[in-house]
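Remarks on the structure that follows.
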Amino acid sequence: MAEKLQKFTKKLPNGFEIEMVPLKGYKQIYSVAMANFGSVNTKLADGSRLPAGIAHFIEHKLFAKPGYDVSEKFAEYGANSNAYTSYTKTAYLFQTLENPYDNLKILLDLFQHPHFTEENVASERGIINQEIQMYLDMPEWVLEQRILEQLYPGDPIAADIAGSTETLQQINAKNLLDTYRTNYRPDNMSLAIVGDVDFDKVVDIVEQSPFETDKGCPKTAENSFVEIGPGAEGKMNISQSRSAFGIRVDTNSRGYDLVKLQYILNMIMETLIGESSENYQDMTNKDIIDDSFSYNVVAENDYCFIIISGSTNKPQEFQDYLRKCLLDNKLKDVLTKDKFERIKRDAIGAYLFAQNSPDAIANQMAELYFYDVDYLQLVQLLDSISLDEVLNSADEVFQNDNFTYYNLLADGKD
C-alpha cells in the first residue's frame with residue numbers, strides 16, 4: 001500500500017491547505033477539517049484569558065445553524081459526522097459511502113459560517129454542564145485531570161477540555177464569535193480528504209466556499225510554565241485505587257523534531273514498561289498492576305509529557321517501582337541493537353497497516369500538517385531514528401525533577 005499511495009496538495013491564496021490521498025476503488029470516503037486551536041489556547045497577549053472550555057463550546061455550536069443542525073444535513077446525504085476538541089486542535093469530520101461532494105460542501109459550511117446567539121448559547125451551557133458532571137464521576141478522567149494539575153500547575157492544560165460550571169457562565173455569543181474569528185482563519189486550518197474522489201473537483205468546491213474570516217495572526221501569549229508539582233493524592237468512592245505517574249518533558253523541539261521525539265519516547269516506554277518488558281511482568285507478578293496498566297506519550301507544540309497509569313491495590317508501591325525503574329534507567333542493558341531495529345520495524349509496520357484505513361490516513365495527515373511533516377514521509381522519519389538518540393533522550397528525560405504523581409485512593413483507604 002505504501003508504494004501506491006499518492007498525495008495531492010494545494011494551498012489557496014488565503015492560506016487554507018487542502019490535502020488529498022486518492023484511494024481508487026475504496027467505497028469509504030473520509031474527510032476532516034482541522035483548526036490549529038484547542039483547549040489550551042486561552043492565554044491572550046494582553047495578559048487576559050479566555051474562559052476554559054471555549055474551544056469545545058465553539059465545536060458544539062458550529063453545528064447549530066438557523067433552523068437546523070448540520071448533523072441532520074450529513075445524515076440526509078448518507079454520512080456520519082462527528083467533531084472533537086483536543087488540547088491544541090479542533091476537528092470536524094464526516095465518513096460516507098456516497099455523495100462525497102455534497103457532504104464536503106456541508107463540512108465547509110459547518111466550520112465557515114457560525115451562528116451564535118444568546119439563546120442557543122444559553123441552552124448549550126446546560127448540555128455541556130451535564131457532560132462535565134458525568135465526567136466527574138469517572139475515575140479515569142479524574143485521575144488524568146489531577147496528574148495534569150501536578151505536571152502543569154495553573155496552566156490551561158490542567159483544566160477540563162469542556163471547562164467547568166463556572167467558566168461556562170463566562171462564555172457568551174460575543175466572546176465565542178471573537179474567538180472564532182481569531183482562530184478559524186483559513187491560514188490556521190487544513191482539510192484532509194481520503195477516498196475515491198477527484199482532487200480538482202474538491203479544490204473547486206473549496207474555492208467556491210469563501211471564509212468569513214481573514215488571514216491574520218492570533219493574539220495569543222507565549223507559554224511559560226511554573227515548577228512541576230510535588231505530587232498529591234485524594235479519595236473517591238471507587239472499588240479500587242488508581243495511580244498515575246507523570247513525566248514532564250521540557251523541550252524546545254517543534255514540528256518535525258517534536259514528531260520524531262514522540263516516536264522516540266514511545267520506543268523508550270515500550271522497551272522499559274511495555275507488556276513484553278521484564279518490568280511489566282515483575283509488576284504483574286507482585287500484584288502492583290493489572291491489565292488496566294498503560295502509558296500515554298503526548299507531544300504537542302509547547303507541551304510534551306508522559307502519563308503512566310492504572311488500577312492498583314498498591315498505589316505507593318506503584319509509584320516507588322516506577323520511580324526507581326526509570327531513575328535506574330536500564331535502557332542500555334535491555335535495548336540491544338537487534339531489539340531496537342525490531343521496535344523500529346514494528347512502528348513502520350503499524351504505520352503501513354494504518355494505510356488500509358481512510359480515517360487513520362486523514363486524521364494523521366491533518367494533524368501532521370501543523371507540524372510541517374508530510375504523512376507519506378513518516379517511514380523516512382522513523383528510519384532516521386538512531387539508537388544513540390533513543391538512549392540519550394532517556395538520559396535527559398529520566399530525572400527526578402521531571403517526575404510527579406497522583407494517587408486516587410478508594411474511599412476509606414489509607
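Each chain in the C-alpha cells gets a letter, A, B and so on, in the order shown; residues start at 1 in every chain, and ligands are counted from 1 in the order they appear.
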**OP:** Find the spatial neighbours of range 54-61 of chain A, counting only C-alpha atoms, within a cut-off of 10 Å - ignore same-chain residues fewer than 4 positions away - and output them as JSON, numbers by chain.
**Re:** {"A": [37, 38, 39, 40, 41, 42, 50, 65, 69, 82, 83, 84, 85, 86, 87, 88, 89, 90, 91, 92, 110, 111, 114, 115, 116, 117, 120, 121, 124, 125, 127, 128, 160, 161, 162, 163, 167, 168, 170, 171, 172, 173, 175, 176, 177, 179, 180, 183]}
Subject >> strand (DSSP E or B) residues, from DSSP on the backbone, in range 154-396 of chain A, as JSON, numbers by chain >> reply: {"A": [189, 190, 191, 192, 193, 194, 195, 220, 232, 233, 234, 235, 236, 242, 243, 244, 245, 246, 247, 248, 294, 295, 296, 297, 298, 299, 300, 303, 304, 305, 306, 307, 308, 309, 310, 311]}
Kindly save the residues from that selection, with N, CA, C and O atoms included, as a tab-separated table (two decimals), in the first residue's frame.
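See result.tsv below for the written result:
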```tsv
chain	number	residue	atom	x	y	z
A	189	MET	N	-6.00	26.61	9.44
A	189	MET	CA	-6.80	25.40	9.28
A	189	MET	C	-6.29	24.57	8.11
A	189	MET	O	-5.53	25.06	7.26
A	190	SER	N	-6.71	23.31	8.09
A	190	SER	CA	-6.39	22.45	6.95
A	190	SER	C	-7.56	21.51	6.70
A	190	SER	O	-8.40	21.30	7.57
A	191	LEU	N	-7.58	20.95	5.50
A	191	LEU	CA	-8.61	19.98	5.12
A	191	LEU	C	-7.91	18.76	4.55
A	191	LEU	O	-7.08	18.88	3.64
A	192	ALA	N	-8.26	17.59	5.05
A	192	ALA	CA	-7.74	16.33	4.51
A	192	ALA	C	-8.92	15.49	4.05
A	192	ALA	O	-9.95	15.41	4.73
A	193	ILE	N	-8.76	14.88	2.88
A	193	ILE	CA	-9.81	14.01	2.37
A	193	ILE	C	-9.17	12.79	1.74
A	193	ILE	O	-8.16	12.90	1.03
A	194	VAL	N	-9.72	11.62	2.04
A	194	VAL	CA	-9.14	10.35	1.59
A	194	VAL	C	-10.26	9.50	1.01
A	194	VAL	O	-11.31	9.33	1.63
A	195	GLY	N	-10.03	8.96	-0.17
A	195	GLY	CA	-11.02	8.09	-0.79
A	195	GLY	C	-11.01	8.24	-2.30
A	195	GLY	O	-10.13	8.89	-2.87
A	220	THR	N	-2.23	35.54	20.78
A	220	THR	CA	-2.05	34.64	21.92
A	220	THR	C	-0.69	34.89	22.56
A	220	THR	O	0.24	35.39	21.93
A	232	ALA	N	0.47	14.41	44.70
A	232	ALA	CA	-0.63	14.52	45.67
A	232	ALA	C	-1.48	13.27	45.61
A	232	ALA	O	-1.25	12.36	44.80
A	233	GLU	N	-2.47	13.21	46.47
A	233	GLU	CA	-3.42	12.12	46.43
A	233	GLU	C	-4.77	12.60	46.95
A	233	GLU	O	-4.87	13.62	47.62
A	234	GLY	N	-5.80	11.87	46.58
A	234	GLY	CA	-7.14	12.18	47.03
A	234	GLY	C	-7.96	10.91	47.08
A	234	GLY	O	-7.48	9.82	46.73
A	235	LYS	N	-9.21	11.03	47.52
A	235	LYS	CA	-10.08	9.87	47.66
A	235	LYS	C	-11.31	10.01	46.77
A	235	LYS	O	-11.74	11.12	46.44
A	236	MET	N	-11.86	8.86	46.41
A	236	MET	CA	-13.05	8.84	45.58
A	236	MET	C	-13.82	7.57	45.90
A	236	MET	O	-13.23	6.55	46.28
A	242	ARG	N	-6.55	3.98	42.01
A	242	ARG	CA	-5.88	4.21	40.74
A	242	ARG	C	-4.71	5.13	40.97
A	242	ARG	O	-4.74	5.98	41.86
A	243	SER	N	-3.70	4.95	40.15
A	243	SER	CA	-2.49	5.73	40.35
A	243	SER	C	-1.95	6.21	39.00
A	243	SER	O	-2.08	5.52	37.99
A	244	ALA	N	-1.38	7.41	39.00
A	244	ALA	CA	-0.78	7.96	37.78
A	244	ALA	C	0.60	8.50	38.10
A	244	ALA	O	0.80	9.19	39.11
A	245	PHE	N	1.56	8.17	37.26
A	245	PHE	CA	2.93	8.66	37.37
A	245	PHE	C	3.16	9.57	36.16
A	245	PHE	O	2.96	9.14	35.02
A	246	GLY	N	3.56	10.82	36.40
A	246	GLY	CA	3.71	11.78	35.33
A	246	GLY	C	5.16	12.17	35.09
A	246	GLY	O	5.93	12.31	36.04
A	247	ILE	N	5.50	12.35	33.83
A	247	ILE	CA	6.84	12.79	33.44
A	247	ILE	C	6.69	14.00	32.53
A	247	ILE	O	6.09	13.90	31.46
A	248	ARG	N	7.20	15.14	32.94
A	248	ARG	CA	7.16	16.33	32.08
A	248	ARG	C	8.46	16.42	31.29
A	248	ARG	O	9.55	16.34	31.86
A	294	SER	N	-1.23	1.23	31.61
A	294	SER	CA	-0.91	1.75	30.29
A	294	SER	C	-0.07	3.02	30.42
A	294	SER	O	0.05	3.60	31.51
A	295	TYR	N	0.49	3.44	29.30
A	295	TYR	CA	1.19	4.73	29.27
A	295	TYR	C	0.73	5.50	28.04
A	295	TYR	O	0.27	4.93	27.06
A	296	ASN	N	0.85	6.82	28.12
A	296	ASN	CA	0.45	7.67	27.01
A	296	ASN	C	1.48	8.77	26.84
A	296	ASN	O	1.78	9.51	27.78
A	297	VAL	N	2.05	8.88	25.64
A	297	VAL	CA	3.01	9.93	25.32
A	297	VAL	C	2.29	11.01	24.54
A	297	VAL	O	1.69	10.74	23.50
A	298	VAL	N	2.31	12.23	25.05
A	298	VAL	CA	1.69	13.36	24.37
A	298	VAL	C	2.79	14.34	23.97
A	298	VAL	O	3.55	14.80	24.83
A	299	ALA	N	2.88	14.64	22.69
A	299	ALA	CA	3.87	15.61	22.20
A	299	ALA	C	3.15	16.61	21.32
A	299	ALA	O	2.78	16.31	20.19
A	300	GLU	N	2.89	17.78	21.87
A	300	GLU	CA	2.25	18.87	21.14
A	300	GLU	C	3.19	20.06	21.18
A	300	GLU	O	4.06	20.13	22.06
A	303	TYR	N	3.84	21.49	24.62
A	303	TYR	CA	3.59	20.50	25.67
A	303	TYR	C	4.16	19.15	25.26
A	303	TYR	O	3.91	18.68	24.16
A	304	CYS	N	4.87	18.53	26.19
A	304	CYS	CA	5.33	17.16	25.96
A	304	CYS	C	5.39	16.47	27.32
A	304	CYS	O	6.08	16.93	28.24
A	305	PHE	N	4.65	15.37	27.44
A	305	PHE	CA	4.62	14.68	28.73
A	305	PHE	C	4.23	13.22	28.52
A	305	PHE	O	3.74	12.83	27.46
A	306	ILE	N	4.48	12.43	29.57
A	306	ILE	CA	4.13	11.01	29.58
A	306	ILE	C	3.31	10.75	30.84
A	306	ILE	O	3.70	11.18	31.94
A	307	ILE	N	2.20	10.05	30.69
A	307	ILE	CA	1.41	9.64	31.85
A	307	ILE	C	1.33	8.11	31.87
A	307	ILE	O	0.92	7.49	30.88
A	308	ILE	N	1.76	7.53	32.98
A	308	ILE	CA	1.68	6.08	33.19
A	308	ILE	C	0.63	5.86	34.27
A	308	ILE	O	0.71	6.45	35.34
A	309	SER	N	-0.36	5.02	34.00
A	309	SER	CA	-1.47	4.91	34.96
A	309	SER	C	-2.10	3.54	34.94
A	309	SER	O	-1.87	2.73	34.04
A	310	GLY	N	-2.92	3.30	35.96
A	310	GLY	CA	-3.65	2.04	36.03
A	310	GLY	C	-4.29	1.85	37.39
A	310	GLY	O	-4.02	2.58	38.35
A	311	SER	N	-5.18	0.87	37.47
A	311	SER	CA	-5.76	0.48	38.75
A	311	SER	C	-4.73	-0.31	39.54
A	311	SER	O	-3.94	-1.07	38.96
```
**OP:** Please identify which residues in range 191-332 of chain A DSSP calls alpha helix (DSSP H) from the backbone, and express them as an MDAnalysis selection string.
**Re:** chainID A and resid 199:207 255:273 278:285 315:328 331:332
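Residues in contact with Leu12 in chain A at 10 Å, where only C-alpha atoms are counted and same-chain residues fewer than 4 positions away are skipped, are listed as A:Phe16, A:Glu17, A:Ile18, A:Pro186, A:Asp187, A:Val203, A:Val206, A:Glu207.
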Take the selection from the previous step and output its residues with N, CA and C atoms, as an mmCIF file, in the first residue's frame.
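This is the output file result.cif:
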```
data_model
loop_
_atom_site.group_PDB
_atom_site.id
_atom_site.type_symbol
_atom_site.label_atom_id
_atom_site.label_comp_id
_atom_site.auth_asym_id
_atom_site.auth_seq_id
_atom_site.Cartn_x
_atom_site.Cartn_y
_atom_site.Cartn_z
ATOM 1 N N PHE A 16 -5.343 28.526 3.236
ATOM 2 C CA PHE A 16 -6.009 27.262 3.558
ATOM 3 C C PHE A 16 -5.357 26.126 2.763
ATOM 4 N N GLU A 17 -5.006 25.061 3.454
ATOM 5 C CA GLU A 17 -4.320 23.920 2.834
ATOM 6 C C GLU A 17 -5.294 22.771 2.602
ATOM 7 N N ILE A 18 -5.276 22.226 1.390
ATOM 8 C CA ILE A 18 -6.072 21.045 1.049
ATOM 9 C C ILE A 18 -5.108 19.900 0.765
ATOM 10 N N PRO A 186 -8.430 30.890 7.611
ATOM 11 C CA PRO A 186 -8.026 29.865 6.636
ATOM 12 C C PRO A 186 -6.573 29.442 6.777
ATOM 13 N N ASP A 187 -5.690 30.368 7.172
ATOM 14 C CA ASP A 187 -4.277 30.011 7.311
ATOM 15 C C ASP A 187 -3.980 29.287 8.622
ATOM 16 N N VAL A 203 -10.947 20.795 -4.934
ATOM 17 C CA VAL A 203 -10.384 22.150 -4.901
ATOM 18 C C VAL A 203 -11.410 23.167 -5.376
ATOM 19 N N VAL A 206 -13.967 23.877 -2.661
ATOM 20 C CA VAL A 206 -13.406 24.684 -1.575
ATOM 21 C C VAL A 206 -13.243 26.135 -2.011
ATOM 22 N N GLU A 207 -12.762 26.335 -3.225
ATOM 23 C CA GLU A 207 -12.546 27.702 -3.719
ATOM 24 C C GLU A 207 -13.854 28.483 -3.848
#
```
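The residue set within 10 Å of Glu275 in chain A, counting only C-alpha atoms and dropping same-chain residues fewer than 6 places from it, reads A:Gln281, A:Thr284, A:Asp291, A:Phe293, A:Ser294.
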Atoms to include: all heavy atoms. Write the selected residues as an mmCIF file, in the first residue's frame.
```
data_model
loop_
_atom_site.group_PDB
_atom_site.id
_atom_site.type_symbol
_atom_site.label_atom_id
_atom_site.label_comp_id
_atom_site.auth_asym_id
_atom_site.auth_seq_id
_atom_site.Cartn_x
_atom_site.Cartn_y
_atom_site.Cartn_z
ATOM 1 N N GLN A 281 6.223 -7.553 33.606
ATOM 2 C CA GLN A 281 5.982 -8.876 34.179
ATOM 3 C C GLN A 281 6.241 -8.881 35.681
ATOM 4 O O GLN A 281 5.489 -9.494 36.453
ATOM 5 C CB GLN A 281 6.881 -9.909 33.478
ATOM 6 C CG GLN A 281 6.607 -10.067 31.993
ATOM 7 C CD GLN A 281 5.163 -10.413 31.683
ATOM 8 O OE1 GLN A 281 4.531 -11.194 32.400
ATOM 9 N NE2 GLN A 281 4.626 -9.820 30.621
ATOM 10 N N THR A 284 3.415 -7.145 37.463
ATOM 11 C CA THR A 284 2.235 -8.019 37.435
ATOM 12 C C THR A 284 2.359 -9.122 38.473
ATOM 13 O O THR A 284 1.415 -9.400 39.233
ATOM 14 C CB THR A 284 2.051 -8.628 36.035
ATOM 15 O OG1 THR A 284 1.885 -7.578 35.068
ATOM 16 C CG2 THR A 284 0.828 -9.533 35.993
ATOM 17 N N ASP A 291 -4.315 -5.483 34.125
ATOM 18 C CA ASP A 291 -4.329 -5.235 32.688
ATOM 19 C C ASP A 291 -4.835 -3.837 32.312
ATOM 20 O O ASP A 291 -4.914 -3.499 31.131
ATOM 21 C CB ASP A 291 -5.141 -6.299 31.940
ATOM 22 C CG ASP A 291 -6.580 -6.391 32.411
ATOM 23 O OD1 ASP A 291 -7.012 -5.529 33.195
ATOM 24 O OD2 ASP A 291 -7.277 -7.327 31.978
ATOM 25 N N PHE A 293 -3.133 -1.267 33.217
ATOM 26 C CA PHE A 293 -1.878 -0.504 33.188
ATOM 27 C C PHE A 293 -1.571 -0.049 31.765
ATOM 28 O O PHE A 293 -1.630 -0.838 30.817
ATOM 29 C CB PHE A 293 -0.738 -1.382 33.716
ATOM 30 C CG PHE A 293 0.607 -0.698 33.740
ATOM 31 C CD1 PHE A 293 0.946 0.153 34.772
ATOM 32 C CD2 PHE A 293 1.539 -0.936 32.735
ATOM 33 C CE1 PHE A 293 2.191 0.768 34.810
ATOM 34 C CE2 PHE A 293 2.779 -0.331 32.756
ATOM 35 C CZ PHE A 293 3.109 0.524 33.800
ATOM 36 N N SER A 294 -1.225 1.235 31.609
ATOM 37 C CA SER A 294 -0.906 1.752 30.288
ATOM 38 C C SER A 294 -0.070 3.024 30.419
ATOM 39 O O SER A 294 0.054 3.596 31.508
ATOM 40 C CB SER A 294 -2.180 2.066 29.497
ATOM 41 O OG SER A 294 -2.904 3.110 30.106
#
```
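When the distance limit is 10 Å and only C-alpha atoms are what count, the residues near Met267 in chain A, minus those fewer than 6 positions from it on the same chain, are Leu261, Gly274, Leu335, Phe340, Ile343, Lys344, Ala347 and Val390 of chain A.
Minimum distance to Tyr371 in chain A across A:Gly255, A:Gly154, A:Pro13, A:Pro22 (counting only C-alpha atoms) occurs at A:Gly255.
Of the listed residues (A:Asn400, A:Ser224, A:Gln380, A:Gln112), A:Gln112 comes nearest to Tyr184 in chain A; the distances count only C-alpha atoms.
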Original post:
Between A:Met365, A:Leu44, A:Leu322, A:Ala410, which one has atoms that come closest to Glu19 in chain A, using only C-alpha atoms?
Top reply: A:Met365
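Note that CA of Asn402 in chain A and CA of Arg323 in chain A are 10.6 Å apart.
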Original post:
Can you tell me, as a ChimeraX atom specification, what residues are no more than 8 Å from Phe318 in chain A when counting only C-alpha atoms, ignoring any on the same chain fewer than 6 positions away?
Top reply: /A:243,288-289,312
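The nearest approach to Ser253 in chain A among the residues A:Gln364, A:Asn301, A:Ser277, A:Ser71, with only C-alpha atoms taken into account, belongs to A:Asn301.
The residue set within 10 Å of Ser81 in chain A, counting only C-alpha atoms and dropping same-chain residues fewer than 2 places from it, reads Tyr30, Ser31, Val32, Val70, Ser71, Glu72, Lys73, Phe74, Ala75, Gly78, Ala79, Ala83, Tyr92, Leu93, Phe94, Gln95, Thr96, Asn103 and Leu107 of chain A.
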Residue selection dump (C-alpha atoms) as a PDB file, in the first residue's frame:
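New file result.pdb:
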```
ATOM      1  CA  TYR A  30     -13.371  10.219   4.936  1.00  0.00           C
ATOM      2  CA  SER A  31     -12.674  13.922   5.379  1.00  0.00           C
ATOM      3  CA  VAL A  32     -11.541  16.020   8.317  1.00  0.00           C
ATOM      4  CA  VAL A  70     -25.650  20.265  10.492  1.00  0.00           C
ATOM      5  CA  SER A  71     -25.597  16.613  11.581  1.00  0.00           C
ATOM      6  CA  GLU A  72     -29.089  16.291  10.080  1.00  0.00           C
ATOM      7  CA  LYS A  73     -27.756  17.521   6.726  1.00  0.00           C
ATOM      8  CA  PHE A  74     -24.949  14.968   6.805  1.00  0.00           C
ATOM      9  CA  ALA A  75     -27.433  12.192   7.571  1.00  0.00           C
ATOM     10  CA  GLY A  78     -25.725   9.403   3.860  1.00  0.00           C
ATOM     11  CA  ALA A  79     -22.801  10.498   6.005  1.00  0.00           C
ATOM     12  CA  ALA A  83     -16.214  16.533  15.910  1.00  0.00           C
ATOM     13  CA  TYR A  92     -14.787  18.315  12.182  1.00  0.00           C
ATOM     14  CA  LEU A  93     -15.246  15.202  10.092  1.00  0.00           C
ATOM     15  CA  PHE A  94     -17.530  13.051   8.028  1.00  0.00           C
ATOM     16  CA  GLN A  95     -17.430   9.481   6.771  1.00  0.00           C
ATOM     17  CA  THR A  96     -19.578   8.319   3.897  1.00  0.00           C
ATOM     18  CA  ASN A 103     -21.001  16.178   2.139  1.00  0.00           C
ATOM     19  CA  LEU A 107     -18.496  20.263   6.056  1.00  0.00           C
TER      20      LEU A 107
END
```
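Note that CA of Asp328 in chain A and CA of Ser393 in chain A are 14.3 Å apart.
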